[in-house]
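Q: What follows is my_file.cif, made up of mmCIF, C-alpha atoms:
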data_query
loop_
_atom_site.label_atom_id
_atom_site.label_comp_id
_atom_site.auth_asym_id
_atom_site.auth_seq_id
_atom_site.Cartn_x
_atom_site.Cartn_y
_atom_site.Cartn_z
CA MET A 1 0.00 0.00 0.00
CA TYR A 2 2.81 2.32 0.90
CA ILE A 3 4.65 1.51 -2.32
CA ARG A 4 1.55 2.29 -4.43
CA LYS A 5 1.08 5.65 -2.70
CA SER A 6 4.70 6.51 -3.26
CA ALA A 7 4.51 5.57 -6.92
CA PHE A 8 1.36 7.66 -7.37
CA THR A 9 3.01 10.66 -5.71
CA LEU A 10 6.11 10.29 -7.88
CA LEU A 11 3.98 10.05 -11.03
CA THR A 12 2.02 13.14 -10.05
CA CYS A 13 5.22 15.13 -9.49
CA LEU A 14 6.58 14.04 -12.85
CA CYS A 15 3.40 15.16 -14.59
CA LEU A 16 3.52 18.54 -12.84
CA LEU A 17 7.20 18.99 -13.74
CA SER A 18 6.53 17.98 -17.34
CA ASN A 19 3.64 20.43 -17.59
CA ALA A 20 5.72 23.24 -16.04
CA PHE A 21 8.61 22.50 -18.43
CA ALA A 22 6.21 22.55 -21.40
CA GLN A 23 4.75 25.86 -20.28
CA GLU A 24 8.24 27.31 -19.81
CA GLN A 25 9.26 26.08 -23.28
CA SER A 26 6.07 27.54 -24.82
CA SER A 27 6.68 30.88 -23.08
CA THR A 28 10.28 30.95 -24.36
CA GLU A 29 9.12 30.28 -27.91
CA ARG A 30 6.58 33.11 -27.70
CA ILE A 31 9.26 35.51 -26.46
CA GLU A 32 11.61 34.46 -29.26
CA LYS A 33 8.83 34.94 -31.80
CA LEU A 34 8.02 38.41 -30.45
CA GLU A 35 11.71 39.36 -30.56
CA GLN A 36 11.91 38.20 -34.17
CA GLU A 37 8.78 40.19 -35.09
CA ASN A 38 10.18 43.29 -33.36
CA LYS A 39 13.42 42.87 -35.28
CA LEU A 40 11.57 42.65 -38.60
CA GLN A 41 9.46 45.70 -37.71
CA SER A 42 12.59 47.62 -36.71
CA GLU A 43 14.26 46.78 -40.03
CA ALA A 44 11.11 47.85 -41.92
CA ILE A 45 11.02 51.17 -40.01
CA LYS A 46 14.68 51.80 -40.81
CA LYS A 47 13.95 51.25 -44.51
CA LEU A 48 10.96 53.59 -44.37
CA GLN A 49 13.12 56.24 -42.70
CA LYS A 50 15.35 56.17 -45.80
CA LEU A 51 12.34 57.12 -47.95
CA LYS A 52 11.36 60.79 -48.02
CA ILE A 53 8.11 61.99 -49.60
CA SER A 54 7.65 65.70 -50.29
CA GLY A 55 5.79 67.94 -52.69
CA TYR A 56 3.67 71.00 -53.24
CA VAL A 57 0.47 72.10 -54.94
CA GLN A 58 -0.01 75.47 -56.66
CA GLY A 59 -3.59 76.43 -57.39
CA GLN A 60 -4.03 79.73 -59.18
CA ILE A 61 -6.34 82.05 -61.04
CA GLN A 62 -4.93 84.22 -63.84
CA TRP A 63 -6.26 87.21 -65.71
CA GLY A 64 -4.78 88.31 -69.01
CA GLU A 65 -5.27 90.95 -71.67
CA GLU A 66 -6.57 89.77 -75.03
CA ASN A 67 -3.18 88.69 -76.45
CA ALA A 68 -1.84 87.18 -73.22
CA SER A 69 -0.59 83.63 -72.85
CA LEU A 70 -1.66 82.11 -69.52
CA LYS A 71 -0.12 79.10 -67.79
CA VAL A 72 -3.43 77.51 -66.78
CA GLY A 73 -6.54 76.79 -68.79
CA SER A 74 -7.02 77.04 -72.55
CA ALA A 75 -6.24 79.92 -74.92
CA ASN A 76 -8.46 83.00 -75.18
CA GLU A 77 -11.66 82.10 -77.04
CA ASN A 78 -12.36 85.78 -77.80
CA PRO A 79 -9.20 87.66 -78.92
CA GLU A 80 -11.08 90.94 -78.71
CA GLU A 81 -11.47 90.82 -74.91
CA SER A 82 -9.45 90.07 -71.80
CA PHE A 83 -10.00 86.67 -70.17
CA ASN A 84 -9.33 84.64 -67.03
CA ARG A 85 -8.54 81.02 -66.23
CA VAL A 86 -8.27 78.88 -63.09
CA GLY A 87 -6.23 75.72 -62.68
CA ILE A 88 -3.45 73.78 -60.98
CA ARG A 89 -0.14 75.24 -62.16
CA ARG A 90 1.96 72.57 -60.49
CA GLY A 91 1.07 69.48 -58.47
CA ARG A 92 4.35 67.87 -57.52
CA ILE A 93 5.05 64.78 -55.47
CA LYS A 94 8.65 63.69 -54.98
CA PHE A 95 10.01 60.37 -53.71
CA THR A 96 13.63 60.21 -52.52
CA TYR A 97 15.25 57.01 -51.27
CA GLU A 98 18.77 57.21 -49.88
CA GLU A 99 20.96 54.37 -48.65
CA GLY A 100 24.71 54.49 -48.24
CA ILE A 101 26.43 56.24 -51.14
CA ALA A 102 23.43 56.05 -53.49
CA SER A 103 20.07 57.81 -53.73
CA GLY A 104 17.20 57.66 -56.18
CA VAL A 105 14.69 60.41 -56.95
CA PHE A 106 11.36 60.18 -58.76
CA GLN A 107 9.08 63.23 -59.12
CA LEU A 108 5.68 63.51 -60.79
CA ASP A 109 3.65 66.55 -61.83
CA ILE A 110 -0.10 65.95 -61.41
CA THR A 111 -2.58 68.55 -62.68
CA GLU A 112 -5.95 68.65 -64.44
CA LYS A 113 -4.00 68.39 -67.72
CA GLY A 114 -2.61 64.97 -66.81
CA VAL A 115 0.37 63.29 -65.16
CA GLY A 116 3.95 63.82 -66.28
CA ILE A 117 7.47 62.93 -65.14
CA LYS A 118 9.63 65.80 -63.88
CA ASP A 119 12.57 63.96 -62.30
CA ALA A 120 13.84 60.40 -62.47
CA TYR A 121 17.50 59.99 -61.61
CA LEU A 122 20.13 58.08 -59.65
CA SER A 123 22.89 59.82 -57.70
CA ILE A 124 26.05 58.09 -56.44
CA LYS A 125 28.80 59.54 -54.24
CA ALA A 126 32.33 58.20 -54.53
CA PRO A 127 32.97 56.26 -51.25
CA TRP A 128 36.68 57.08 -51.19
CA LEU A 129 36.36 60.73 -52.30
CA LYS A 130 33.30 62.45 -50.88
CA SER A 131 34.01 65.42 -53.15
CA ILE A 132 32.82 63.54 -56.27
CA SER A 133 29.29 62.49 -57.19
CA LEU A 134 27.62 61.18 -60.35
CA LYS A 135 24.01 61.79 -61.37
CA ALA A 136 22.24 60.08 -64.28
CA GLY A 137 18.67 60.27 -65.59
CA VAL A 138 16.24 63.18 -66.01
CA PHE A 139 17.10 66.20 -63.85
CA ASP A 140 17.75 69.98 -63.89
CA ARG A 141 20.28 71.20 -66.41
CA PRO A 142 23.37 72.59 -64.61
CA PHE A 143 23.19 76.04 -66.19
CA GLY A 144 22.93 79.24 -64.15
CA ASN A 145 20.86 79.74 -61.01
CA GLU A 146 17.20 80.14 -61.99
CA ILE A 147 16.85 76.67 -63.53
CA SER A 148 17.70 74.85 -60.29
CA TYR A 149 15.90 77.41 -58.09
CA SER A 150 12.81 75.43 -57.09
CA SER A 151 9.40 76.59 -58.30
CA SER A 152 8.17 76.21 -54.72
CA ARG A 153 10.68 78.84 -53.56
CA ARG A 154 10.76 81.17 -56.57
CA GLU A 155 9.18 84.55 -55.88
CA SER A 156 7.95 85.22 -59.43
CA PRO A 157 5.29 82.83 -60.79
CA GLU A 158 7.44 81.72 -63.75
CA ARG A 159 11.05 81.63 -64.85
CA SER A 160 12.39 84.35 -67.11
CA ALA A 161 11.60 84.35 -70.84
CA VAL A 162 15.19 83.56 -71.82
CA PHE A 163 15.15 80.34 -69.73
CA GLN A 164 11.66 79.33 -70.86
CA THR A 165 12.85 79.67 -74.48
CA LEU A 166 16.31 78.13 -74.30
CA PHE A 167 15.59 75.49 -71.62
CA PRO A 168 11.97 74.30 -71.92
CA ASP A 169 10.94 72.11 -68.94
CA GLU A 170 14.28 73.07 -67.28
CA ARG A 171 15.30 69.41 -67.26
CA ASP A 172 17.08 67.11 -69.69
CA LEU A 173 18.11 63.49 -70.03
CA GLY A 174 21.80 62.91 -69.35
CA ALA A 175 24.64 62.26 -66.91
CA MET A 176 26.50 64.81 -64.78
CA LEU A 177 29.63 64.82 -62.62
CA THR A 178 29.81 67.14 -59.59
CA LEU A 179 33.11 68.11 -57.94
CA GLN A 180 33.13 69.92 -54.58
CA ALA A 181 35.75 69.73 -51.85
CA PRO A 182 34.66 68.53 -48.36
CA LYS A 183 33.31 71.07 -45.87
CA THR A 184 36.61 70.96 -43.99
CA SER A 185 38.50 72.15 -47.09
CA ALA A 186 39.29 75.80 -47.86
CA LEU A 187 38.04 75.13 -51.42
CA ASN A 188 34.58 73.98 -50.33
CA PHE A 189 33.07 77.26 -51.58
CA LEU A 190 33.74 76.17 -55.18
CA LYS A 191 31.55 73.68 -57.07
CA LEU A 192 31.88 72.35 -60.61
CA GLU A 193 28.98 70.62 -62.39
CA ALA A 194 29.50 69.22 -65.89
CA GLY A 195 27.70 66.66 -68.01
CA LEU A 196 26.48 65.36 -71.34
CA PHE A 197 22.78 65.65 -72.23
CA ALA A 198 20.39 64.61 -74.99
CA GLY A 199 19.50 68.26 -75.62
CA ASN A 200 15.81 67.48 -76.09
CA GLY A 201 14.26 68.42 -72.77
CA ILE A 202 12.46 65.62 -70.95
CA LYS A 203 11.43 63.99 -74.22
CA GLN A 204 13.15 60.83 -75.47
CA ASP A 205 16.58 61.10 -77.10
CA ALA A 206 16.20 61.55 -80.86
CA ASP A 207 19.75 61.74 -82.30
CA ASN A 208 23.31 60.47 -81.86
CA ARG A 209 24.79 63.80 -80.77
CA LYS A 210 25.05 64.86 -77.11
CA ASP A 211 25.31 68.39 -75.70
CA PHE A 212 27.78 69.57 -73.06
CA ILE A 213 26.65 71.74 -70.13
CA GLY A 214 28.93 73.04 -67.38
CA HIS A 215 28.54 75.39 -64.40
CA LEU A 216 31.33 76.63 -62.11
CA SER A 217 29.99 78.40 -59.01
CA ALA A 218 31.28 79.96 -55.80
CA ASN A 219 29.42 80.56 -52.54
CA LYS A 220 30.64 82.48 -49.47
CA ALA A 221 28.73 83.41 -46.32
CA TRP A 222 29.52 85.79 -43.47
CA LYS A 223 27.53 86.78 -40.37
CA ASN A 224 24.58 88.45 -42.11
CA ILE A 225 25.72 88.41 -45.72
CA GLN A 226 25.74 85.73 -48.39
CA LEU A 227 27.36 86.15 -51.80
CA SER A 228 27.45 83.65 -54.64
CA GLY A 229 27.82 83.51 -58.40
CA GLY A 230 28.92 81.45 -61.32
CA VAL A 231 29.67 81.05 -64.99
CA SER A 232 27.94 78.56 -67.29
CA TYR A 233 28.68 77.14 -70.73
CA TYR A 234 26.51 75.19 -73.17
CA ASN A 235 27.86 73.58 -76.34
CA GLY A 236 25.56 71.51 -78.51
CA GLY A 237 23.67 71.33 -81.76
CA VAL A 238 20.22 71.25 -83.33
CA TYR A 239 19.39 68.75 -86.06
CA GLN A 240 18.86 70.29 -89.50
CA GLY A 241 15.82 68.63 -91.04
CA SER A 242 15.76 70.81 -94.16
CA GLU A 243 18.22 71.87 -96.83
CA ASN A 244 17.40 75.54 -96.12
CA ILE A 245 19.73 77.18 -93.57
CA TYR A 246 19.45 80.92 -92.88
CA THR A 247 22.31 82.85 -91.28
CA MET A 248 22.63 86.58 -90.58
CA ASN A 249 24.71 88.81 -92.83
CA GLY A 250 24.44 92.38 -91.61
CA THR A 251 20.71 92.96 -91.07
CA SER A 252 19.52 90.22 -93.46
CA PHE A 253 19.06 86.48 -93.36
CA VAL A 254 21.06 84.81 -96.14
CA LEU A 255 19.88 81.44 -97.46
CA ASP A 256 22.21 78.47 -97.84
CA ASN A 257 20.24 75.99 -99.95
CA ASN A 258 22.19 72.75 -100.14
CA ALA A 259 20.98 69.15 -99.94
CA ASP A 260 24.08 68.32 -97.86
CA ASN A 261 22.69 70.46 -95.02
CA ILE A 262 20.08 67.82 -94.17
CA GLY A 263 21.19 65.65 -91.25
CA LYS A 264 23.91 68.01 -90.03
CA PHE A 265 23.73 70.00 -86.80
CA ALA A 266 23.48 73.76 -86.40
CA LYS A 267 25.66 75.21 -83.66
CA ARG A 268 23.97 75.81 -80.30
CA GLU A 269 26.22 77.69 -77.88
CA TYR A 270 25.39 79.68 -74.72
CA ILE A 271 27.45 81.54 -72.14
CA GLY A 272 25.84 82.57 -68.86
CA LEU A 273 26.84 84.70 -65.88
CA ASP A 274 24.90 84.64 -62.60
CA ALA A 275 25.22 86.42 -59.23
CA GLN A 276 23.26 86.33 -55.96
CA PHE A 277 23.48 88.64 -52.94
CA GLY A 278 21.64 88.36 -49.64
CA VAL A 279 21.75 90.38 -46.41
CA LYS A 280 19.74 90.44 -43.17
CA SER A 281 19.05 93.74 -41.39
CA ILE A 282 16.41 95.46 -39.27
CA LEU A 283 14.43 95.90 -42.51
CA GLY A 284 14.28 92.14 -42.94
CA ALA A 285 16.01 89.86 -45.41
CA THR A 286 17.05 91.42 -48.73
CA CYS A 287 17.84 89.26 -51.75
CA LEU A 288 19.16 90.43 -55.11
CA ARG A 289 19.76 87.98 -57.98
CA ALA A 290 20.74 88.54 -61.61
CA GLU A 291 21.74 86.55 -64.70
CA TYR A 292 22.86 87.38 -68.22
CA LEU A 293 23.00 84.97 -71.15
CA PHE A 294 24.26 85.35 -74.71
CA GLY A 295 25.23 83.09 -77.57
CA THR A 296 24.00 81.34 -80.72
CA GLN A 297 20.58 79.71 -81.04
CA PRO A 298 19.14 77.80 -84.04
CA GLY A 299 15.37 78.05 -84.44
CA LYS A 300 12.45 78.58 -86.81
CA ASP A 301 11.28 81.71 -88.60
CA SER A 302 8.47 82.01 -86.03
CA GLY A 303 10.53 81.45 -82.89
CA SER A 304 13.78 80.35 -81.29
CA LYS A 305 12.57 77.82 -78.72
CA SER A 306 14.97 74.92 -78.14
CA PRO A 307 14.06 71.36 -79.25
CA ASN A 308 11.46 69.69 -77.05
CA ALA A 309 9.76 67.08 -79.21
CA THR A 310 9.84 63.29 -79.61
CA SER A 311 10.83 63.48 -83.30
CA LEU A 312 13.55 65.21 -85.28
CA PRO A 313 12.60 68.64 -86.70
CA ALA A 314 11.86 69.03 -90.42
CA ASN A 315 11.66 72.85 -90.56
CA ASP A 316 14.07 75.34 -92.12
CA THR A 317 16.80 76.46 -89.69
CA TYR A 318 17.35 80.10 -88.71
CA ILE A 319 20.58 80.77 -86.79
CA ARG A 320 20.54 83.84 -84.55
CA ASN A 321 22.73 85.56 -81.96
CA PHE A 322 20.68 86.20 -78.81
CA GLY A 323 20.95 88.01 -75.49
CA GLY A 324 18.78 87.98 -72.38
CA GLY A 325 18.60 87.86 -68.61
CA TYR A 326 16.85 89.11 -65.51
CA VAL A 327 17.27 91.08 -62.27
CA ILE A 328 15.07 90.34 -59.24
CA LEU A 329 14.84 92.06 -55.85
CA VAL A 330 13.02 90.47 -52.91
CA GLN A 331 12.58 92.48 -49.71
CA ASP A 332 11.04 91.11 -46.52
CA LEU A 333 8.91 93.66 -44.67
CA GLY A 334 10.63 93.59 -41.30
CA LYS A 335 9.35 90.80 -39.08
CA LEU A 336 6.04 90.56 -40.91
CA PRO A 337 5.41 87.38 -42.97
CA LEU A 338 5.30 89.58 -46.09
CA ALA A 339 7.76 90.25 -48.89
CA ALA A 340 7.76 92.65 -51.84
CA VAL A 341 9.06 91.47 -55.23
CA LEU A 342 10.37 93.47 -58.20
CA LYS A 343 11.66 91.74 -61.35
CA TYR A 344 12.79 92.78 -64.80
CA ASP A 345 13.65 90.25 -67.49
CA TRP A 346 14.31 90.50 -71.21
CA TYR A 347 15.02 88.30 -74.21
CA ASP A 348 16.27 89.46 -77.60
CA PRO A 349 16.34 86.47 -79.98
CA ASN A 350 18.26 88.38 -82.67
CA THR A 351 20.69 91.04 -81.48
CA LYS A 352 21.71 91.91 -85.07
CA ILE A 353 18.49 93.75 -85.92
CA PHE A 354 15.89 95.94 -84.23
CA GLY A 355 12.82 98.06 -84.96
CA ASN A 356 11.71 98.36 -88.58
CA GLU A 357 14.50 96.06 -89.75
CA ILE A 358 12.33 93.19 -88.48
CA GLY A 359 9.96 91.92 -91.15
CA GLN A 360 12.41 92.48 -94.01
CA SER A 361 15.02 90.25 -95.67
CA ASN A 362 13.54 86.95 -94.41
CA THR A 363 13.20 88.16 -90.82
CA ALA A 364 9.91 87.49 -89.01
CA LYS A 365 8.21 87.44 -85.61
CA GLY A 366 10.82 85.02 -84.33
CA ASP A 367 13.20 88.02 -84.26
CA ILE A 368 10.98 90.18 -82.02
CA ALA A 369 12.52 91.10 -78.65
CA GLN A 370 10.44 91.19 -75.47
CA ASN A 371 10.83 92.42 -71.92
CA THR A 372 8.75 92.07 -68.77
CA PHE A 373 8.49 94.19 -65.64
CA GLY A 374 6.86 92.31 -62.78
CA PHE A 375 5.92 93.30 -59.25
CA GLY A 376 4.05 91.55 -56.49
CA MET A 377 3.62 90.56 -52.85
CA LEU A 378 4.20 87.29 -51.00
CA TRP A 379 2.42 86.25 -47.83
CA ASN A 380 4.13 83.35 -46.07
CA ALA A 381 1.28 82.36 -43.77
CA ASN A 382 3.38 79.57 -42.24
CA ALA A 383 6.06 77.09 -43.24
CA ASN A 384 3.63 75.31 -45.57
CA ILE A 385 1.34 77.96 -47.03
CA ARG A 386 2.24 80.85 -49.34
CA LEU A 387 -0.02 83.31 -51.15
CA THR A 388 1.35 85.17 -54.20
CA ALA A 389 -0.14 88.19 -55.99
CA TYR A 390 1.89 89.22 -59.03
CA TYR A 391 1.37 91.49 -62.05
CA GLU A 392 3.43 91.34 -65.26
CA ILE A 393 3.72 94.21 -67.74
CA ASN A 394 4.86 92.62 -71.01
CA LYS A 395 6.39 94.74 -73.78
CA ASN A 396 7.38 93.61 -77.27
CA GLU A 397 9.69 95.21 -79.82
CA LYS A 398 7.70 97.25 -82.37
CA THR A 399 8.09 97.33 -86.15
CA GLU A 400 5.89 98.96 -88.75
CA VAL A 401 6.87 96.32 -91.33
CA LEU A 402 5.48 93.25 -89.55
CA SER A 403 1.70 92.94 -89.22
CA GLY A 404 0.49 92.70 -85.64
CA TYR A 405 3.61 94.25 -84.17
CA GLU A 406 3.16 97.87 -85.25
CA LYS A 407 2.47 98.66 -81.60
CA ASP A 408 2.78 96.96 -78.23
CA ARG A 409 0.52 93.93 -77.98
CA LYS A 410 -1.91 93.79 -75.08
CA ASP A 411 -0.61 90.81 -73.13
CA ASP A 412 -0.24 91.82 -69.47
CA VAL A 413 -0.93 89.07 -66.91
CA PHE A 414 -2.07 89.02 -63.27
CA THR A 415 -1.56 85.88 -61.16
CA LEU A 416 -3.08 85.02 -57.78
CA ARG A 417 -1.63 81.77 -56.44
CA MET A 418 -2.06 79.69 -53.31
CA GLN A 419 0.69 77.17 -52.59
CA TYR A 420 0.71 74.34 -50.06
CA LYS A 421 4.05 72.61 -49.48
CA PHE A 422 4.61 69.41 -47.54
#
Written as C-alpha cells, that's how I'd like the structure from this file.
A:
Amino acid sequence: MYIRKSAFTLLTCLCLLSNAFAQEQSSTERIEKLEQENKLQSEAIKKLQKLKISGYVQGQIQWGEENASLKVGSANENPEESFNRVGIRRGRIKFTYEEGIASGVFQLDITEKGVGIKDAYLSIKAPWLKSISLKAGVFDRPFGNEISYSSSRRESPERSAVFQTLFPDERDLGAMLTLQAPKTSALNFLKLEAGLFAGNGIKQDADNRKDFIGHLSANKAWKNIQLSGGVSYYNGGVYQGSENIYTMNGTSFVLDNNADNIGKFAKREYIGLDAQFGVKSILGATCLRAEYLFGTQPGKDSGSKSPNATSLPANDTYIRNFGGGYVILVQDLGKLPLAAVLKYDWYDPNTKIFGNEIGQSNTAKGDIAQNTFGFGMLWNANANIRLTAYYEINKNEKTEVLSGYEKDRKDDVFTLRMQYKF
C-alpha cells in the first residue's frame, strides 16, 4: 500500500514537472517569436526612414489681356477681350530614397492636364572621395541659377523668358559629374557641375549627338551676408531637317540651300553669368539675384525655342545671336510674414536687328525682342502655405513692317496663387 502511494506521488510530481517545463518552453518560444517580429518591424522602419516623400500644390487664377498667354486653362476664345482662367499650375510629389552612397529620386507633376514625369534619376557619391558624385537620368540642367531654383521657392510665378525659351521644362536626359571639396576644405566654396545631355528636354533622345553643359559656381557666407555667383557654358547642336539654312549677314538672313545640309547639326552655344546677394538687417532679409546669357541659337522663322519634341525637326533652320537675362529684388517687410518682389527680365532672340528692320530680308516674328516688368507681394502664412499676388507688364519690340507688331501687344498678366508645401 505504501509503495503504491509513493509511486502515485512520484507520477504526479513528474506530470507537474513535465507540464511546467512545457509551459516554460512555450513561453520561451513566444518571447523568441516576439523578438523576431520586433526585429523585422525595426528593419522595416529603418527602410521607411530612408524614404522621403515631399511635394507641393499650386492652385491659381490668372487674368490676361486679349493677347496674353496664360499658364493655366485654354487659350483665349475671344481675342477681342481680356480673359481669365483657373487651374493647378503645379502638383508635384517627390520620392527620394537614400541608402549608403546612393540615392534615387522620382518626381511627378499631377494637374488637371494629366500626369507627367519631372525627375527620375540616380545619384552616387564616390565612397573614397566624398568630393565627387555622379548623377544620371532626367534632372535639372546645370546652367545658371534660376533653372535649379525650385518653383516652390521662386518669388515670381514663372522663370524668365530667356530660360523658358532656351531650356523648356528646365530638365534634360543625361549624366552629370559634380566636384566639390569637403566642408573641412578651404576650397569647399567652389563647385563644378558638368555633363552630357540629350538636348531634347524631358522627351526621349532623338539623335546620336550629345550636348555639353557646365557650371562653375562659388558661394561664401559671413555673419549676415551671403554672396554667390557662377559662370555657365553650353555647347551643342540642333538637327537640321531641311536643306534651307538661314544665317545673318548684316541685317539680313542669307539662305544656304544645299541638300548636304540635311542631317547636319546647327551650332547651339550659350554663355551665362549669374550672381546672388543676400543680407539680413532690421528691414528684414534682402535678396538680389541677376543673370545674363548670350550666344547662338538655331530656331524657326516664327521662334527660337529649343528642341522639345519626340521626333527630329523638319523645318528650315534660322541661326541667330541672342541676349537675355533678368534682375530680381526680394525684400522682406521687417518681421512681418510679407515680402515685396520686383523683377525685370528681357530676351532678344536676334541682337543683329531691331525696330523696322524686323519683317524684311527673311526676318519674321521670331526676331521680335520682349521684356517684362513684374511686381508683387508674398504672404508666407506659415512654413507650408504661401499666397502670391503678381502682375506682369509685357512689352514687345515694335516694327511697322510686320503685321500685328506695329504697336505693343496687349498681353499683361495678373496671377493670384495659393501654394501648399509638404
Q: Might you pull out every residue within 6 Å of range 117-127 of chain A, with only C-alpha atoms counted and same-chain residues fewer than 3 positions away left off, and present them as a VMD selection string?
A: chain A and resid 101 to 108 130 132 to 139
Q: Which value, in Å to one decimal, gives the distance between CA of Pro157 in chain A and CA of Phe373 in chain A?
A: 12.8 Å
Q: Within 8 Å of Val327 in chain A, counting all atoms listed in the file, which residues show up once you throw out same-chain ones fewer than 2 positions away? Write them as a list in words, please.
A: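 Result of the neighbour search: Leu288, Arg289, Ala290, Glu291, Gly325, Leu329, Lys343, Tyr344 and Asp345 of chain A.
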Q: Pick out the closest residue to Lys94 in chain A from this set: A:Val254, A:Ile110, A:Ala181, A:Ala339. Count all atoms listed in the file.
A: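 With all atoms listed in the file as the atom set, the closest residue is A:Ile110.
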Q: In the coordinate frame of the file, compute which residues have an atom within 12 Å of (14.0, 86.9, -67.0) when using all atoms listed in the file, and state them as a ChimeraX atom specification.
A: /A:145-147,156-166,274,289-293,323-328,342-348,370-374,392,394
Q: One decimal, Å: what's the distance from CA of Phe83 in chain A over to CA of Trp63 in chain A, could you say?
A: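 One can read the CA of Phe83 in chain A to CA of Trp63 in chain A distance as 5.8 Å.
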Q: Taking into account all atoms listed in the file, which residue in the set A:Ile282, A:Glu243, A:Ala364, A:Asn249 is nearest to Phe265 in chain A?
A: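 When distances to Phe265 in chain A are compared using all atoms listed in the file, the smallest one comes from A:Glu243.
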Q: When you draw a straight line from CA of Ile368 in chain A to CA of Leu273 in chain A, how long is it in Å?
A: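 Computing the Euclidean distance for CA of Ile368 in chain A and CA of Leu273 in chain A yields 23.3 Å.
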Q: What's the 9 Å shell around Asn261 in chain A, counting all atoms listed in the file, without same-chain residues fewer than 4 positions away, as an MDAnalysis selection string?
A: chainID A and resid 240:245 256:257 265
Q: Using the chain letters and numbering of this document, enumerate as an NGL selection string the residues selected by the PyMOL selection byres ((chain A and resi 400) around 12).
A: :A and (354-360 or 397-399 or 401-408)
Q: Restrict the selected residues to C-alpha atoms and save them as a compact mmCIF listing (two decimals), in the coordinates of the input.
A:
# COMPACT_ATOMS: atom_id res chain seq x y z
CA PHE A 354 15.89 95.94 -84.23
CA GLY A 355 12.82 98.06 -84.96
CA ASN A 356 11.71 98.36 -88.58
CA GLU A 357 14.50 96.06 -89.75
CA ILE A 358 12.33 93.19 -88.48
CA GLY A 359 9.96 91.92 -91.15
CA GLN A 360 12.41 92.48 -94.01
CA GLU A 397 9.69 95.21 -79.82
CA LYS A 398 7.70 97.25 -82.37
CA THR A 399 8.09 97.33 -86.15
CA VAL A 401 6.87 96.32 -91.33
CA LEU A 402 5.48 93.25 -89.55
CA SER A 403 1.70 92.94 -89.22
CA GLY A 404 0.49 92.70 -85.64
CA TYR A 405 3.61 94.25 -84.17
CA GLU A 406 3.16 97.87 -85.25
CA LYS A 407 2.47 98.66 -81.60
CA ASP A 408 2.78 96.96 -78.23
Q: Taking (11.7, 77.7, -79.4) in the file's coordinates as the center, which residues reach within 10 Å of it, counting only C-alpha atoms, put as a VMD selection string?
A: chain A and resid 164 to 168 297 to 300 302 to 308 349 366
Q: Pick the closest to Lys365 in chain A from A:Gln36, A:Thr351, A:Asn396, A:Asn380: which is it, counting all atoms listed in the file?
A: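 The closest residue to Lys365 in chain A is A:Asn396.
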Q: Which is closest to Asp367 in chain A among A:Leu196, A:Val341, A:Ile353, A:Ala206, if we use only C-alpha atoms?
A: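 Going through A:Leu196, A:Val341, A:Ile353, A:Ala206 one by one, the smallest distance to Asp367 in chain A is for A:Ile353.
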Q: Quick one: residues within 12 Å of Ser311 in chain A, all atoms listed in the file counted, chain neighbours fewer than 6 positions away excluded, as number ranges by chain?
A: A: 200, 203-207, 239, 241
Q: For a quick check of understanding, using all atoms listed in the file, which of A:Ile61, A:Ile393, A:Ile271, A:Leu177 has the smallest distance to Phe143 in chain A?
A: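 Closest residue, counting all atoms listed in the file: A:Ile271.
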Q: For Ile225 in chain A, which residue out of A:Gln276, A:Gly201, A:Leu255, A:Gly250 is the nearest one, using all atoms listed in the file?
A: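 Nearest candidate to Ile225 in chain A out of A:Gln276, A:Gly201, A:Leu255, A:Gly250: A:Gln276.
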Q: Could you expand the PyMOL selection byres ((chain A and resi 68) around 8) into the explicit residues it covers here, written as number ranges by chain?
A: A: 64-67, 69-70, 410-413
Q: Residues of the last selection are to be written out with C-alpha atoms, as a short mmCIF file (atom, residue, chain, number, x, y, z; two decimals), keeping the file's coordinate frame.
A:
data_model
loop_
_atom_site.label_atom_id
_atom_site.label_comp_id
_atom_site.auth_asym_id
_atom_site.auth_seq_id
_atom_site.Cartn_x
_atom_site.Cartn_y
_atom_site.Cartn_z
CA GLY A 64 -4.78 88.31 -69.01
CA GLU A 65 -5.27 90.95 -71.67
CA GLU A 66 -6.57 89.77 -75.03
CA ASN A 67 -3.18 88.69 -76.45
CA SER A 69 -0.59 83.63 -72.85
CA LEU A 70 -1.66 82.11 -69.52
CA LYS A 410 -1.91 93.79 -75.08
CA ASP A 411 -0.61 90.81 -73.13
CA ASP A 412 -0.24 91.82 -69.47
CA VAL A 413 -0.93 89.07 -66.91
#
Q: Which residues are near Met248 in chain A? Cut-off 10 Å, all atoms listed in the file, ignore same chain within fewer than 2 positions. Put them as a PyMOL selection string.
A: chain A and resi 246+250-255+318-321+350+352-353+361-363
Q: Written as a PyMOL selection string, what is the full residue list that the PyMOL selection byres ((chain A and resi 331) around 10) yields on the file shown?
A: chain A and resi 278-280+283-288+329-330+332-334+338-342+377-378
Q: Could you rebuild range 87-93 of chain A with N, CA and C atoms and give it back as a PDB file, in the frame of the given file?
A:
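Below you can see result_21.pdb, which holds the result:
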ATOM      1  N   GLY A  87      -6.774  77.058 -62.503  1.00  0.00           N
ATOM      2  CA  GLY A  87      -6.230  75.720 -62.680  1.00  0.00           C
ATOM      3  C   GLY A  87      -5.124  75.409 -61.685  1.00  0.00           C
ATOM      4  N   ILE A  88      -4.586  74.205 -61.782  1.00  0.00           N
ATOM      5  CA  ILE A  88      -3.450  73.780 -60.980  1.00  0.00           C
ATOM      6  C   ILE A  88      -2.182  74.008 -61.810  1.00  0.00           C
ATOM      7  N   ARG A  89      -1.366  74.963 -61.393  1.00  0.00           N
ATOM      8  CA  ARG A  89      -0.140  75.240 -62.160  1.00  0.00           C
ATOM      9  C   ARG A  89       0.874  74.114 -61.986  1.00  0.00           C
ATOM     10  N   ARG A  90       1.051  73.678 -60.750  1.00  0.00           N
ATOM     11  CA  ARG A  90       1.960  72.570 -60.490  1.00  0.00           C
ATOM     12  C   ARG A  90       1.394  71.722 -59.367  1.00  0.00           C
ATOM     13  N   GLY A  91       1.463  70.411 -59.525  1.00  0.00           N
ATOM     14  CA  GLY A  91       1.070  69.480 -58.470  1.00  0.00           C
ATOM     15  C   GLY A  91       2.152  68.426 -58.360  1.00  0.00           C
ATOM     16  N   ARG A  92       3.152  68.716 -57.551  1.00  0.00           N
ATOM     17  CA  ARG A  92       4.350  67.870 -57.520  1.00  0.00           C
ATOM     18  C   ARG A  92       4.354  66.937 -56.311  1.00  0.00           C
ATOM     19  N   ILE A  93       4.775  65.714 -56.550  1.00  0.00           N
ATOM     20  CA  ILE A  93       5.050  64.780 -55.470  1.00  0.00           C
ATOM     21  C   ILE A  93       6.384  64.103 -55.777  1.00  0.00           C
TER      22      ILE A  93
END
